[in-house]
>>> print(open('model23.tsv').read())   # TSV, C-alpha atoms and all ligand atoms
chain	number	residue	atom	x	y	z
A	250	MET	CA	15.96	6.74	-46.31
A	251	HIS	CA	18.89	4.34	-45.90
A	252	HIS	CA	21.82	6.80	-45.74
A	253	LEU	CA	22.14	10.50	-44.86
A	254	LEU	CA	24.75	11.82	-47.28
A	255	GLY	CA	23.56	15.38	-47.82
A	256	ILE	CA	20.62	17.75	-47.84
A	257	HIS	CA	20.88	17.86	-51.65
A	258	GLY	CA	17.96	15.89	-53.04
A	259	MET	CA	16.10	15.69	-49.72
A	260	GLN	CA	12.44	16.63	-49.87
A	261	ALA	CA	10.85	19.01	-47.35
A	262	GLY	CA	8.84	16.07	-45.99
A	263	ALA	CA	11.96	14.10	-45.05
A	264	ILE	CA	13.46	17.15	-43.32
A	265	SER	CA	10.20	17.78	-41.41
A	266	HIS	CA	10.11	14.12	-40.40
A	267	LEU	CA	13.59	14.32	-38.83
A	268	LEU	CA	12.70	17.60	-37.09
A	269	ALA	CA	9.56	15.95	-35.69
A	270	CYS	CA	11.57	12.94	-34.46
A	271	ALA	CA	14.03	15.27	-32.71
A	272	GLN	CA	11.21	17.19	-31.06
A	273	ASN	CA	9.60	13.99	-29.76
A	274	PRO	CA	12.51	12.15	-28.19
A	275	ALA	CA	11.04	8.74	-27.53
A	276	ALA	CA	12.11	5.40	-26.28
A	277	THR	CA	13.92	4.24	-29.41
A	278	ARG	CA	16.69	1.86	-28.39
A	279	LEU	CA	19.72	0.80	-30.36
A	280	ASP	CA	20.87	-1.81	-27.85
A	281	GLY	CA	23.22	-4.34	-29.36
A	282	LYS	CA	24.11	-2.14	-32.35
A	283	VAL	CA	27.72	-1.22	-33.00
A	284	ILE	CA	28.36	2.11	-34.72
A	285	LEU	CA	31.65	2.99	-36.38
A	286	ASN	CA	32.61	6.63	-35.95
A	287	LEU	CA	35.20	7.37	-38.64
A	288	PHE	CA	36.63	10.79	-37.91
A	289	LEU	CA	39.44	11.20	-40.41
A	290	GLU	CA	39.38	14.98	-39.94
A	291	ASN	CA	39.44	16.88	-36.63
A	292	SER	CA	36.22	17.39	-34.72
A	293	THR	CA	34.98	18.23	-31.23
A	294	ARG	CA	31.22	18.80	-31.32
A	295	THR	CA	30.22	16.52	-34.18
A	296	ARG	CA	32.26	13.54	-33.08
A	297	LEU	CA	31.35	13.71	-29.40
A	298	SER	CA	27.67	14.44	-30.04
A	299	PHE	CA	27.34	11.42	-32.36
A	300	ASP	CA	29.09	9.37	-29.69
A	301	MET	CA	26.87	10.78	-26.93
A	302	ALA	CA	23.68	10.28	-28.96
A	303	ALA	CA	24.55	6.69	-29.87
A	304	GLN	CA	25.48	5.77	-26.31
A	305	ARG	CA	22.35	7.38	-24.88
A	306	LEU	CA	20.35	5.14	-27.24
A	307	GLY	CA	22.20	2.08	-25.96
A	308	ALA	CA	24.48	1.50	-28.97
A	309	ARG	CA	28.18	0.89	-28.66
A	310	VAL	CA	30.57	3.13	-30.55
A	311	MET	CA	33.98	2.40	-32.04
A	312	THR	CA	35.92	5.46	-33.11
A	313	MET	CA	38.72	5.58	-35.66
A	314	THR	CA	40.77	8.68	-36.38
A	315	ALA	CA	43.36	9.02	-39.14
A	316	ASP	CA	46.18	9.24	-36.62
A	317	GLY	CA	47.04	5.77	-35.42
A	318	SER	CA	45.40	4.08	-38.43
A	319	SER	CA	46.93	2.44	-41.49
A	320	LEU	CA	45.92	5.50	-43.54
A	321	LYS	CA	49.22	6.81	-42.19
A	322	LYS	CA	50.97	3.78	-43.71
A	323	GLY	CA	49.70	4.61	-47.19
A	324	GLU	CA	46.50	2.57	-47.24
A	325	SER	CA	43.93	4.24	-49.49
A	326	LEU	CA	40.57	5.48	-48.20
A	327	GLY	CA	38.80	2.93	-50.41
A	328	ASP	CA	40.85	0.02	-49.06
A	329	THR	CA	40.32	1.26	-45.51
A	330	LEU	CA	36.55	1.43	-46.02
A	331	HIS	CA	36.44	-2.06	-47.59
A	332	THR	CA	38.42	-3.38	-44.60
A	333	LEU	CA	35.99	-1.85	-42.12
A	334	ALA	CA	32.94	-2.99	-44.12
A	335	ALA	CA	34.15	-6.59	-43.77
A	336	MET	CA	33.70	-6.17	-39.99
A	337	GLN	CA	29.97	-5.48	-40.54
A	338	PRO	CA	29.11	-2.53	-38.31
A	339	ASP	CA	25.43	-1.61	-37.91
A	340	GLY	CA	26.00	2.04	-38.82
A	341	VAL	CA	28.83	4.29	-40.02
A	342	VAL	CA	29.39	7.98	-39.31
A	343	ILE	CA	32.13	9.44	-41.49
A	344	ARG	CA	33.98	12.75	-41.54
A	345	CYS	CA	36.72	13.21	-44.10
A	346	SER	CA	38.41	16.11	-45.89
A	347	GLU	CA	37.66	14.58	-49.31
A	348	ASN	CA	34.48	15.68	-51.08
A	349	GLY	CA	32.41	12.62	-51.92
A	350	SER	CA	33.92	10.42	-49.19
A	351	ALA	CA	30.52	9.76	-47.58
A	352	GLN	CA	29.13	8.68	-50.96
A	353	LEU	CA	32.15	6.41	-51.39
A	354	ALA	CA	31.42	4.87	-47.98
A	355	ALA	CA	27.76	4.40	-48.93
A	356	ASP	CA	28.87	2.55	-52.08
A	357	ILE	CA	30.95	0.17	-49.94
A	358	PHE	CA	28.99	-0.41	-46.71
A	359	THR	CA	25.63	-2.17	-46.71
A	360	CYS	CA	24.63	-0.56	-43.38
A	361	PRO	CA	23.42	3.08	-43.10
A	362	VAL	CA	26.11	5.73	-43.64
A	363	ILE	CA	25.83	9.24	-42.18
A	364	ASN	CA	27.91	12.10	-43.56
A	365	ALA	CA	29.48	14.06	-40.69
A	366	GLY	CA	31.18	16.48	-43.11
A	367	ASP	CA	32.93	15.69	-46.41
A	368	GLY	CA	35.43	18.34	-47.48
A	369	THR	CA	33.71	21.48	-48.74
A	370	ASN	CA	30.64	19.54	-49.85
A	371	GLU	CA	28.00	18.87	-47.17
A	372	HIS	CA	27.41	18.55	-43.44
A	373	PRO	CA	23.75	17.50	-43.28
A	374	THR	CA	23.39	16.85	-39.54
A	375	GLN	CA	24.75	20.34	-38.79
A	376	ALA	CA	22.06	21.86	-41.03
A	377	LEU	CA	19.42	19.69	-39.35
A	378	LEU	CA	20.48	20.70	-35.83
A	379	ASP	CA	20.57	24.35	-36.91
A	380	ALA	CA	17.06	23.92	-38.34
A	381	LEU	CA	15.93	22.44	-35.02
A	382	THR	CA	17.45	25.39	-33.15
A	383	LEU	CA	15.77	27.92	-35.46
A	384	THR	CA	12.45	26.09	-35.27
A	385	GLN	CA	12.57	26.23	-31.45
A	386	ARG	CA	13.22	29.98	-31.63
A	387	PHE	CA	10.88	30.99	-34.46
A	388	GLY	CA	8.27	28.22	-34.58
A	389	THR	CA	8.72	27.70	-38.31
A	390	LEU	CA	11.38	28.04	-41.00
A	391	ALA	CA	8.93	29.18	-43.67
A	392	GLY	CA	9.43	32.87	-44.39
A	393	LEU	CA	12.36	33.21	-41.97
A	394	ARG	CA	15.00	35.71	-43.13
A	395	ILE	CA	18.43	34.35	-42.28
A	396	SER	CA	21.90	35.48	-43.30
A	397	ILE	CA	25.00	33.29	-43.28
A	398	VAL	CA	28.20	35.30	-43.06
A	399	GLY	CA	31.73	34.06	-43.63
A	400	ASP	CA	33.67	31.65	-45.80
A	401	ILE	CA	30.74	30.53	-47.93
A	402	ALA	CA	32.88	29.03	-50.69
A	403	HIS	CA	34.68	26.49	-48.51
A	404	SER	CA	32.01	25.85	-45.87
A	405	ARG	CA	30.02	22.62	-46.03
A	406	VAL	CA	27.90	24.08	-43.21
A	407	ALA	CA	26.90	26.99	-45.48
A	408	HIS	CA	26.08	24.62	-48.33
A	409	SER	CA	23.92	22.22	-46.31
A	410	ASN	CA	22.21	25.07	-44.48
A	411	ALA	CA	21.47	27.01	-47.67
A	412	LEU	CA	19.93	23.90	-49.21
A	413	LEU	CA	17.90	22.96	-46.15
A	414	LEU	CA	16.64	26.42	-45.26
A	415	SER	CA	15.69	27.32	-48.82
A	416	THR	CA	13.90	23.97	-49.24
A	417	MET	CA	11.89	24.76	-46.10
A	418	GLY	CA	10.88	28.20	-47.42
A	419	ALA	CA	13.33	30.46	-45.59
A	420	ALA	CA	14.93	33.39	-47.41
A	421	VAL	CA	18.70	32.85	-47.21
A	422	THR	CA	21.37	35.48	-47.79
A	423	LEU	CA	24.97	34.30	-48.14
A	424	CYS	CA	27.54	37.00	-47.37
A	425	GLY	CA	31.31	37.28	-47.37
A	426	PRO	CA	34.21	38.87	-49.22
A	427	SER	CA	34.00	38.14	-52.95
A	428	ALA	CA	36.97	35.72	-52.81
A	429	LEU	CA	34.96	33.57	-50.38
A	430	LEU	CA	31.64	33.64	-52.22
A	431	PRO	CA	30.43	30.76	-54.39
A	432	THR	CA	30.60	30.83	-58.16
A	433	ASP	CA	27.26	31.22	-59.96
A	434	THR	CA	27.44	27.57	-60.93
A	435	ALA	CA	27.61	26.17	-57.37
A	436	PRO	CA	25.15	23.26	-57.41
A	437	TRP	CA	23.52	24.20	-54.10
A	438	LEU	CA	22.53	27.74	-55.16
A	439	GLY	CA	18.87	28.04	-56.01
A	440	ASP	CA	15.55	29.66	-55.27
A	441	ASN	CA	15.32	31.70	-52.06
A	442	ILE	CA	19.13	32.18	-51.92
A	443	THR	CA	20.77	35.59	-52.41
A	444	VAL	CA	24.53	36.21	-52.48
A	445	THR	CA	26.13	39.52	-51.45
A	446	ASP	CA	29.51	40.91	-50.42
A	447	SER	CA	27.82	43.65	-48.36
A	448	LEU	CA	27.43	42.89	-44.65
A	449	ALA	CA	25.07	45.85	-44.24
A	450	ARG	CA	22.77	44.38	-46.89
A	451	ALA	CA	22.96	40.92	-45.30
A	452	LEU	CA	22.06	42.24	-41.84
A	453	ASP	CA	19.26	44.49	-43.06
A	454	GLY	CA	15.99	42.80	-42.07
A	455	ALA	CA	17.63	39.52	-41.02
A	456	GLN	CA	15.92	37.75	-38.11
A	457	ALA	CA	18.81	35.33	-37.63
A	458	VAL	CA	22.46	35.46	-38.56
A	459	MET	CA	25.01	32.66	-38.63
A	460	ALA	CA	28.75	33.34	-38.42
A	461	LEU	CA	31.17	30.93	-40.09
A	462	ARG	CA	34.89	30.37	-39.58
A	463	LEU	CA	37.47	31.05	-42.29
A	464	GLN	CA	38.27	27.50	-43.48
A	465	LYS	CA	41.96	28.24	-43.91
A	466	GLU	CA	42.88	24.57	-44.18
A	467	ARG	CA	40.84	24.46	-47.41
A	468	PHE	CA	42.18	27.69	-48.95
A	469	ALA	CA	44.04	27.50	-52.25
A	470	THR	CA	47.66	28.52	-51.68
A	471	HIS	CA	47.29	31.91	-53.39
A	472	LEU	CA	44.34	32.94	-51.20
A	473	ASN	CA	45.43	35.18	-48.38
A	474	ILE	CA	42.79	36.76	-46.15
A	475	ASP	CA	43.99	39.05	-43.39
A	476	GLU	CA	42.04	38.25	-40.22
A	477	ALA	CA	42.04	41.80	-38.85
A	478	ALA	CA	40.78	43.20	-42.16
A	479	TYR	CA	38.19	40.43	-42.33
A	480	HIS	CA	36.96	41.24	-38.82
A	481	ALA	CA	36.75	44.94	-39.66
A	482	SER	CA	34.50	44.28	-42.67
A	483	TYR	CA	32.64	41.06	-41.86
A	484	GLY	CA	33.05	40.29	-38.16
A	485	LEU	CA	29.73	39.99	-36.34
A	486	THR	CA	29.80	42.22	-33.29
A	487	ALA	CA	27.32	43.08	-30.54
A	488	ASP	CA	26.98	46.56	-32.09
A	489	ARG	CA	26.57	45.53	-35.69
A	490	VAL	CA	23.91	42.90	-35.08
A	491	ALA	CA	20.74	44.75	-34.18
A	492	GLY	CA	18.14	44.19	-31.50
A	493	ASP	CA	16.82	40.73	-30.95
A	494	VAL	CA	18.41	39.02	-33.97
A	495	ALA	CA	19.24	35.38	-33.18
A	496	VAL	CA	22.93	34.51	-33.52
A	497	LEU	CA	24.26	31.10	-34.51
A	498	HIS	CA	27.72	29.62	-35.02
A	499	PRO	CA	28.45	25.93	-35.70
A	500	GLY	CA	31.80	26.13	-33.91
A	501	PRO	CA	34.70	26.11	-33.61
A	502	MET	CA	34.66	29.88	-33.07
A	503	ASN	CA	37.62	32.09	-33.79
A	504	ARG	CA	36.74	34.87	-31.38
A	505	GLY	CA	37.74	38.31	-32.57
A	506	VAL	CA	37.69	37.18	-36.21
A	507	GLU	CA	34.21	36.14	-37.42
A	508	ILE	CA	32.46	36.96	-34.11
A	509	ASP	CA	33.29	39.08	-31.07
A	510	ASP	CA	33.11	37.98	-27.44
A	511	ALA	CA	30.20	40.23	-26.52
A	512	LEU	CA	27.95	38.75	-29.20
A	513	ALA	CA	29.07	35.13	-28.79
A	514	ASP	CA	28.39	35.33	-25.06
A	515	ASP	CA	25.17	37.38	-25.30
A	516	ALA	CA	22.73	35.22	-23.34
A	517	THR	CA	19.63	36.60	-25.06
A	518	ARG	CA	20.79	36.61	-28.67
A	519	SER	CA	23.29	33.76	-28.92
A	520	LEU	CA	21.91	30.28	-29.65
A	521	ILE	CA	25.38	28.74	-29.84
A	522	VAL	CA	25.14	26.58	-26.71
A	523	GLN	CA	21.63	25.49	-27.71
A	524	GLN	CA	23.05	24.39	-31.08
A	525	VAL	CA	25.49	22.09	-29.30
A	526	ALA	CA	22.74	20.59	-27.13
A	527	ASN	CA	20.58	20.13	-30.22
A	528	GLY	CA	23.48	18.37	-31.91
A	529	VAL	CA	23.00	15.43	-29.56
A	530	THR	CA	19.22	15.48	-29.95
A	531	MET	CA	19.26	15.69	-33.73
A	532	ARG	CA	21.96	13.05	-34.16
A	533	ALA	CA	19.97	10.72	-31.92
A	534	ALA	CA	16.95	11.31	-34.17
A	535	VAL	CA	19.03	10.56	-37.29
A	536	LEU	CA	20.56	7.41	-35.78
A	537	ALA	CA	17.16	6.19	-34.61
A	538	THR	CA	15.55	6.91	-37.99
A	539	LEU	CA	18.24	5.12	-39.98
A	540	LEU	CA	19.05	2.25	-37.61
A	541	ALA	CA	15.58	1.59	-36.15
A	542	PRO	CA	13.34	3.01	-38.88
A	543	THR	CA	10.02	1.42	-37.92
A	544	HIS	CA	10.17	2.72	-34.38
A	545	ALA	CA	11.25	6.25	-35.37
A	546	MET	CA	8.38	6.48	-37.85
A	547	LYS	CA	5.87	5.67	-35.12
A	548	VAL	CA	7.39	8.44	-33.00
A	549	ALA	CA	6.95	11.09	-35.67
A	550	ALA	CA	3.43	9.99	-36.63
A	601	LIG	C1	32.09	22.76	-38.85
A	601	LIG	C2	32.69	21.72	-39.78
A	601	LIG	O1	33.47	20.86	-39.36
A	601	LIG	O2	32.33	21.78	-40.95
A	601	LIG	N1	32.16	22.41	-37.51
A	601	LIG	C3	31.21	21.58	-36.98
A	601	LIG	O3	30.98	20.49	-37.44
A	601	LIG	N2	30.52	22.04	-35.93
A	601	LIG	C4	32.50	24.13	-39.12
A	601	LIG	C5	33.96	24.48	-39.16
A	601	LIG	O4	34.84	23.65	-39.03
A	601	LIG	O5	34.23	25.67	-39.33
>>> encode(input="model23.tsv", output="structure tokens", more="lines below")
Ligand code: NCD
Amino acid sequence: MHHLLGIHGMQAGAISHLLACAQNPAATRLDGKVILNLFLENSTRTRLSFDMAAQRLGARVMTMTADGSSLKKGESLGDTLHTLAAMQPDGVVIRCSENGSAQLAADIFTCPVINAGDGTNEHPTQALLDALTLTQRFGTLAGLRISIVGDIAHSRVAHSNALLLSTMGAAVTLCGPSALLPTDTAPWLGDNITVTDSLARALDGAQAVMALRLQKERFATHLNIDEAAYHASYGLTADRVAGDVAVLHPGPMNRGVEIDDALADDATRSLIVQQVANGVTMRAAVLATLLAPTHAMKVAA
């Protein structure tokens, strides 16, 4: 594996390998490596956890955001990437609102490229850290019944998670209002994935449930979802989510819309803080695997 562009096309073995690396944090060092963090779209957790992971491994990190760059002077993404490639970083982490931007970077850079979220397409390290979190809670992903509730159509987190979890043998239900559900032709729909607009059906029998934000910045102009109405029908609340169901959210949370305070802050059910911690662990495993592959393979063996 040279790049990590998406979960699409990844075999179960490669996913298990990364989970094993994350669960055996070893002495992999990336001293002397320089990683370019290209965050052309806003981020808190993903950007800082890549930065934290890289620095903990001894690498140095250079971060570029769109603001303050020549993208604001009209330079194209392609020209920007060619410019940065000429500086020869050892690894590139890219987040961008354009679908396919990570693939474009991989076509330009010779070093490993990691997709930190490209438009509505994929967010593979989020799915991997969620898989790590679920594995810690349930022991295995095989047979796990998990529902993902929210803006499925626009959420790269939903897409990467649906692909990863179904590949690993979990039964995935995707739930949201019909305007925010995928079309039947979405490339990441497949075996083990059910789609419903009924929250009751999605919660029935689920062992874990993941709430997702309304991705308003990606809505087509005609799409208008009222937040209060959304919360009334699809908001995850402490009352609606039964018993000991595990609760996940990739952040950023819009409290009172897709999740209520009582559930988000429920110390026994909410895995949200653990997800953030695992973000550092999993990104360290990905960086080590791609930038120091021989060492990371020994760790997982
Ligand atoms: C997500 C993203 O950027 O896709 N956030 C994250 O990386 N933790 C989810 C979102 O923005 O809603």
>>> residues_near_point(input="model23.tsv", point="(35.8, 9.0, -36.2)", cutoff="7 Å", atoms="all atoms listed in the file", output="short mmCIF file (atom, residue, chain, number, x, y, z; two decimals) with C-alpha atoms, in the frame of the given file")
data_model
loop_
_atom_site.label_atom_id
_atom_site.label_comp_id
_atom_site.auth_asym_id
_atom_site.auth_seq_id
_atom_site.Cartn_x
_atom_site.Cartn_y
_atom_site.Cartn_z
CA ASN A 286 32.61 6.63 -35.95
CA LEU A 287 35.20 7.37 -38.64
CA PHE A 288 36.63 10.79 -37.91
CA LEU A 289 39.44 11.20 -40.41
CA ARG A 296 32.26 13.54 -33.08
CA THR A 312 35.92 5.46 -33.11
CA MET A 313 38.72 5.58 -35.66
CA THR A 314 40.77 8.68 -36.38
CA ILE A 343 32.13 9.44 -41.49
CA ARG A 344 33.98 12.75 -41.54
#
>>> atom_distance(input="model23.tsv", atom1="atom C3 of ligand LIG 601 (chain A)", atom2="atom CA of A:Gly500")
5.5 Å
>>> axis_aligned_box(input="model23.tsv", around="ligand LIG 601 (chain A)", padding_each_side="4 Å", output="AutoDock Vina command-line options")
--center_x 32.7 --center_y 23.1 --center_z -38.4 --size_x 12.3 --size_y 13.2 --size_z 13.0
>>> residues_near_ligand(input="model23.tsv", ligand="ligand LIG 601 (chain A)", cutoff="7 Å", atoms="only C-alpha atoms and all ligand atoms", output="MDAnalysis selection string")
chainID A and resid 292 294:295 366 372 375 404:406 461:464 499:501
>>> residues_near_point(input="model23.tsv", point="(12.1, 18.4, -29.9)", cutoff="9 Å", atoms="all atoms listed in the file", output="VMD selection string")
chain A and resid 268 to 274 381 385 527 530 to 531
>>> closest_residue(input="model23.tsv", among="A:Gly317, A:Gly307, A:Pro436, A:Gly340", to="A:Ala355", atoms="all atoms listed in the file")
A:Gly340
>>> atom_distance(input="model23.tsv", atom1="atom CA of A:Asp515", atom2="atom CA of A:Leu383")
16.8 Å
>>> atom_distance(input="model23.tsv", atom1="atom CA of A:Asp328", atom2="atom CA of A:Gly368")
19.2 Å
>>> residues_around(input="model23.tsv", residues="A:Arg309", least_positions_apart="2", cutoff="7 Å", atoms="only C-alpha atoms", output="PyMOL selection string")
chain A and resi 282-284+303-304+307+311
>>> residues_around(input="model23.tsv", residues="A:Ile363", least_positions_apart="2", cutoff="8 Å", atoms="only C-alpha atoms", output="PDB file with C-alpha atoms, keeping the file's coordinate frame")
ATOM      1  CA  HIS A 252      21.820   6.800 -45.740  1.00  0.00           C
ATOM      2  CA  LEU A 253      22.140  10.500 -44.860  1.00  0.00           C
ATOM      3  CA  LEU A 254      24.750  11.820 -47.280  1.00  0.00           C
ATOM      4  CA  GLY A 340      26.000   2.040 -38.820  1.00  0.00           C
ATOM      5  CA  VAL A 341      28.830   4.290 -40.020  1.00  0.00           C
ATOM      6  CA  VAL A 342      29.390   7.980 -39.310  1.00  0.00           C
ATOM      7  CA  ILE A 343      32.130   9.440 -41.490  1.00  0.00           C
ATOM      8  CA  ALA A 351      30.520   9.760 -47.580  1.00  0.00           C
ATOM      9  CA  PRO A 361      23.420   3.080 -43.100  1.00  0.00           C
ATOM     10  CA  ALA A 365      29.480  14.060 -40.690  1.00  0.00           C
TER      11      ALA A 365
END
>>> closest_residue(input="model23.tsv", among="A:Arg386, A:Arg504, A:Phe299, A:Ser409", to="A:Gly258", atoms="all atoms listed in the file")
A:Ser409
>>> residues_around(input="model23.tsv", residues="A:Val490", least_positions_apart="4", cutoff="9 Å", atoms="all atoms listed in the file", output="list in words")
Leu452, Val458, Leu485, Thr486, Val494, Val496 and Leu512 of chain A
>>> closest_residue(input="model23.tsv", among="A:Ala419, A:Ala376, A:Ala334, A:Leu438", to="A:Ile395", atoms="only C-alpha atoms")
A:Ala419
>>> closest_residue(input="model23.tsv", among="A:Ser325, A:Thr382, A:Thr277, A:Ser350", to="A:Leu520", atoms="only C-alpha atoms")
A:Thr382
>>> build_atoms(input="model23.tsv", residues="stretch 250-263 of chain A", atoms="N, CA and C atoms", output="PDB file, in the frame of the given file")
ATOM      1  N   MET A 250      14.609   6.144 -46.373  1.00  0.00           N
ATOM      2  CA  MET A 250      15.960   6.740 -46.310  1.00  0.00           C
ATOM      3  C   MET A 250      16.924   5.744 -45.682  1.00  0.00           C
ATOM      4  N   HIS A 251      17.925   5.313 -46.435  1.00  0.00           N
ATOM      5  CA  HIS A 251      18.890   4.340 -45.900  1.00  0.00           C
ATOM      6  C   HIS A 251      20.150   5.041 -45.375  1.00  0.00           C
ATOM      7  N   HIS A 252      20.641   6.024 -46.150  1.00  0.00           N
ATOM      8  CA  HIS A 252      21.820   6.800 -45.740  1.00  0.00           C
ATOM      9  C   HIS A 252      21.423   8.260 -45.537  1.00  0.00           C
ATOM     10  N   LEU A 253      22.281   9.038 -44.868  1.00  0.00           N
ATOM     11  CA  LEU A 253      22.140  10.500 -44.860  1.00  0.00           C
ATOM     12  C   LEU A 253      23.460  11.073 -45.368  1.00  0.00           C
ATOM     13  N   LEU A 254      23.493  11.370 -46.664  1.00  0.00           N
ATOM     14  CA  LEU A 254      24.750  11.820 -47.280  1.00  0.00           C
ATOM     15  C   LEU A 254      24.774  13.319 -47.495  1.00  0.00           C
ATOM     16  N   GLY A 255      23.605  13.931 -47.601  1.00  0.00           N
ATOM     17  CA  GLY A 255      23.560  15.380 -47.820  1.00  0.00           C
ATOM     18  C   GLY A 255      22.119  15.840 -47.781  1.00  0.00           C
ATOM     19  N   ILE A 256      21.957  17.171 -47.761  1.00  0.00           N
ATOM     20  CA  ILE A 256      20.620  17.750 -47.840  1.00  0.00           C
ATOM     21  C   ILE A 256      20.187  17.791 -49.309  1.00  0.00           C
ATOM     22  N   HIS A 257      21.169  17.849 -50.210  1.00  0.00           N
ATOM     23  CA  HIS A 257      20.880  17.860 -51.650  1.00  0.00           C
ATOM     24  C   HIS A 257      19.978  16.683 -51.998  1.00  0.00           C
ATOM     25  N   GLY A 258      18.872  16.962 -52.626  1.00  0.00           N
ATOM     26  CA  GLY A 258      17.960  15.890 -53.040  1.00  0.00           C
ATOM     27  C   GLY A 258      16.953  15.500 -51.971  1.00  0.00           C
ATOM     28  N   MET A 259      17.089  16.023 -50.759  1.00  0.00           N
ATOM     29  CA  MET A 259      16.100  15.690 -49.720  1.00  0.00           C
ATOM     30  C   MET A 259      14.847  16.534 -49.914  1.00  0.00           C
ATOM     31  N   GLN A 260      13.701  15.903 -49.765  1.00  0.00           N
ATOM     32  CA  GLN A 260      12.440  16.630 -49.870  1.00  0.00           C
ATOM     33  C   GLN A 260      12.113  17.290 -48.528  1.00  0.00           C
ATOM     34  N   ALA A 261      11.269  18.330 -48.583  1.00  0.00           N
ATOM     35  CA  ALA A 261      10.850  19.010 -47.350  1.00  0.00           C
ATOM     36  C   ALA A 261      10.233  18.025 -46.353  1.00  0.00           C
ATOM     37  N   GLY A 262       9.506  17.047 -46.864  1.00  0.00           N
ATOM     38  CA  GLY A 262       8.840  16.070 -45.990  1.00  0.00           C
ATOM     39  C   GLY A 262       9.835  15.275 -45.158  1.00  0.00           C
ATOM     40  N   ALA A 263      10.947  14.890 -45.770  1.00  0.00           N
ATOM     41  CA  ALA A 263      11.960  14.100 -45.050  1.00  0.00           C
ATOM     42  C   ALA A 263      12.628  14.959 -43.976  1.00  0.00           C
TER      43      ALA A 263
END
